[in-house]
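> A single structure is presented below for examination.
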Amino acid sequence: MLDTMACYDIAYHDRTLPLGDERLGATQSNAEPFGPLTPAMFHVLLALAGDDLHGYAILKEVELRTGGKVRLSTGTLYGIIKRLLADGLIVELRSRPAEAEDDERRRYYRLTPEGRQVAAAEAERMDEILSIARSRNLLKKPRTA
């Protein structure tokens, strides 16, 4: 009989985690995330690395920064927000902008220090992969943001 258990495992650094066991554990360091973030999760963390934003502003920031190449649906965004809140990578703010600039229905989010560490670790991981791609002549030169 074929051992299918290995098909459902992901090796990352010196750890192996079952696929789907994605929540950060108490013994895991946020600077060494559980594994690669989904592109959508990383885009949300990148958006919040600049400013505190409400959901719609996150959608627009991602769309703007990617030149319209990435457009998150509201369902995808709020699923990601729920996950990032549960993992302690973002927090919902209690403070609000001035009433003239605010809509009471909006919820504002901020990247936590742990969220910044996870985003930085993911950026480093991606940078290492891109370095390999450049060394194999798959990319010509680094792009500027």
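Residues in the structure tokens are named by chain (A, B, ... in the order shown) and by number from 1 within that chain; ligands are numbered from 1 in the order shown.
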Give me the residues of range 49-89 of chain A that have any atom at most 10 Å from an atom of range 105-125 of chain A; for each, the nearest atom pair and the distance in Å, rounded to one decimal. Use only C-alpha atoms, sort by chain and number, and format it as a Markdown table.

| residue | atom | partner | partner_atom | distance |
| --- | --- | --- | --- | --- |
| A:Ala49 | CA | A:Leu111 | CA | 6.2 |
| A:Gly50 | CA | A:Leu111 | CA | 9.0 |
| A:Asp51 | CA | A:Arg110 | CA | 7.3 |
| A:Asp52 | CA | A:Arg110 | CA | 4.8 |
| A:Leu53 | CA | A:Tyr108 | CA | 5.2 |
| A:His54 | CA | A:Tyr108 | CA | 4.2 |
| A:Gly55 | CA | A:Arg107 | CA | 7.0 |
| A:Tyr56 | CA | A:Arg106 | CA | 8.5 |
| A:Ala57 | CA | A:Tyr108 | CA | 9.4 |
| A:Ile58 | CA | A:Tyr109 | CA | 9.3 |
| A:Ile81 | CA | A:Tyr109 | CA | 8.7 |
| A:Leu84 | CA | A:Gly115 | CA | 8.2 |
| A:Leu85 | CA | A:Tyr109 | CA | 9.1 |
| A:Asp87 | CA | A:Gly115 | CA | 8.8 |
| A:Gly88 | CA | A:Thr112 | CA | 7.2 |
| A:Leu89 | CA | A:Gly115 | CA | 3.9 |
> Give me a file of those residues, with C-alpha atoms, as a short mmCIF file (atom, residue, chain, number, x, y, z; two decimals), in the first residue's frame.

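New file part14.cif:
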data_model
loop_
_atom_site.label_atom_id
_atom_site.label_comp_id
_atom_site.auth_asym_id
_atom_site.auth_seq_id
_atom_site.Cartn_x
_atom_site.Cartn_y
_atom_site.Cartn_z
CA ALA A 49 2.77 47.75 6.52
CA GLY A 50 2.25 51.26 5.15
CA ASP A 51 -0.75 52.52 7.11
CA ASP A 52 -3.72 51.55 9.24
CA LEU A 53 -6.52 50.82 6.79
CA HIS A 54 -10.14 49.71 6.66
CA GLY A 55 -11.17 46.77 4.50
CA TYR A 56 -12.13 48.66 1.35
CA ALA A 57 -8.91 50.71 1.56
CA ILE A 58 -6.92 47.45 1.78
CA ILE A 81 -8.50 39.37 7.93
CA LEU A 84 -4.62 37.31 10.48
CA LEU A 85 -6.56 38.53 13.53
CA ASP A 87 -2.92 34.55 14.40
CA GLY A 88 -2.15 37.91 16.05
CA LEU A 89 -0.59 39.36 12.90
#
> Write out as a VMD selection string which residues come within 12 Å of Glu63 in chain A when counting only C-alpha atoms, dropping same-chain ones fewer than 4 positions away.
chain A and resid 40 43 to 44 46 to 47 56 to 59 67 to 73
> Write out as a list in words all residues of range 52-138 of chain A that DSSP puts in strand (DSSP E or B) for this structure's backbone.
Leu53, His54, Ile90, Val91, Glu92, Tyr108, Tyr109, Arg110 and Leu111 of chain A
> Keeping only C-alpha atoms, write the selected residues to a file as a compact mmCIF listing (two decimals), in the first residue's frame.

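Done, and the output landed in part-v3.txt:
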# COMPACT_ATOMS: atom_id res chain seq x y z
CA LEU A 53 -6.52 50.82 6.79
CA HIS A 54 -10.14 49.71 6.66
CA ILE A 90 -3.03 42.28 12.76
CA VAL A 91 -5.33 43.97 15.26
CA GLU A 92 -8.60 45.84 14.88
CA TYR A 108 -9.68 49.73 10.83
CA TYR A 109 -6.74 47.31 11.04
CA ARG A 110 -3.08 47.64 12.02
CA LEU A 111 -0.12 45.37 11.48
> Please list as a PyMOL selection string every residue within 7 Å of Met41 in chain A, counting only C-alpha atoms and excluding residues in the same chain fewer than 4 positions away.
chain A and resi 37+45+80
> How far is it from CA of Asp127 in chain A to CA of Lys82 in chain A, in Å with one decimal?
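It comes out at 27.3 Å.
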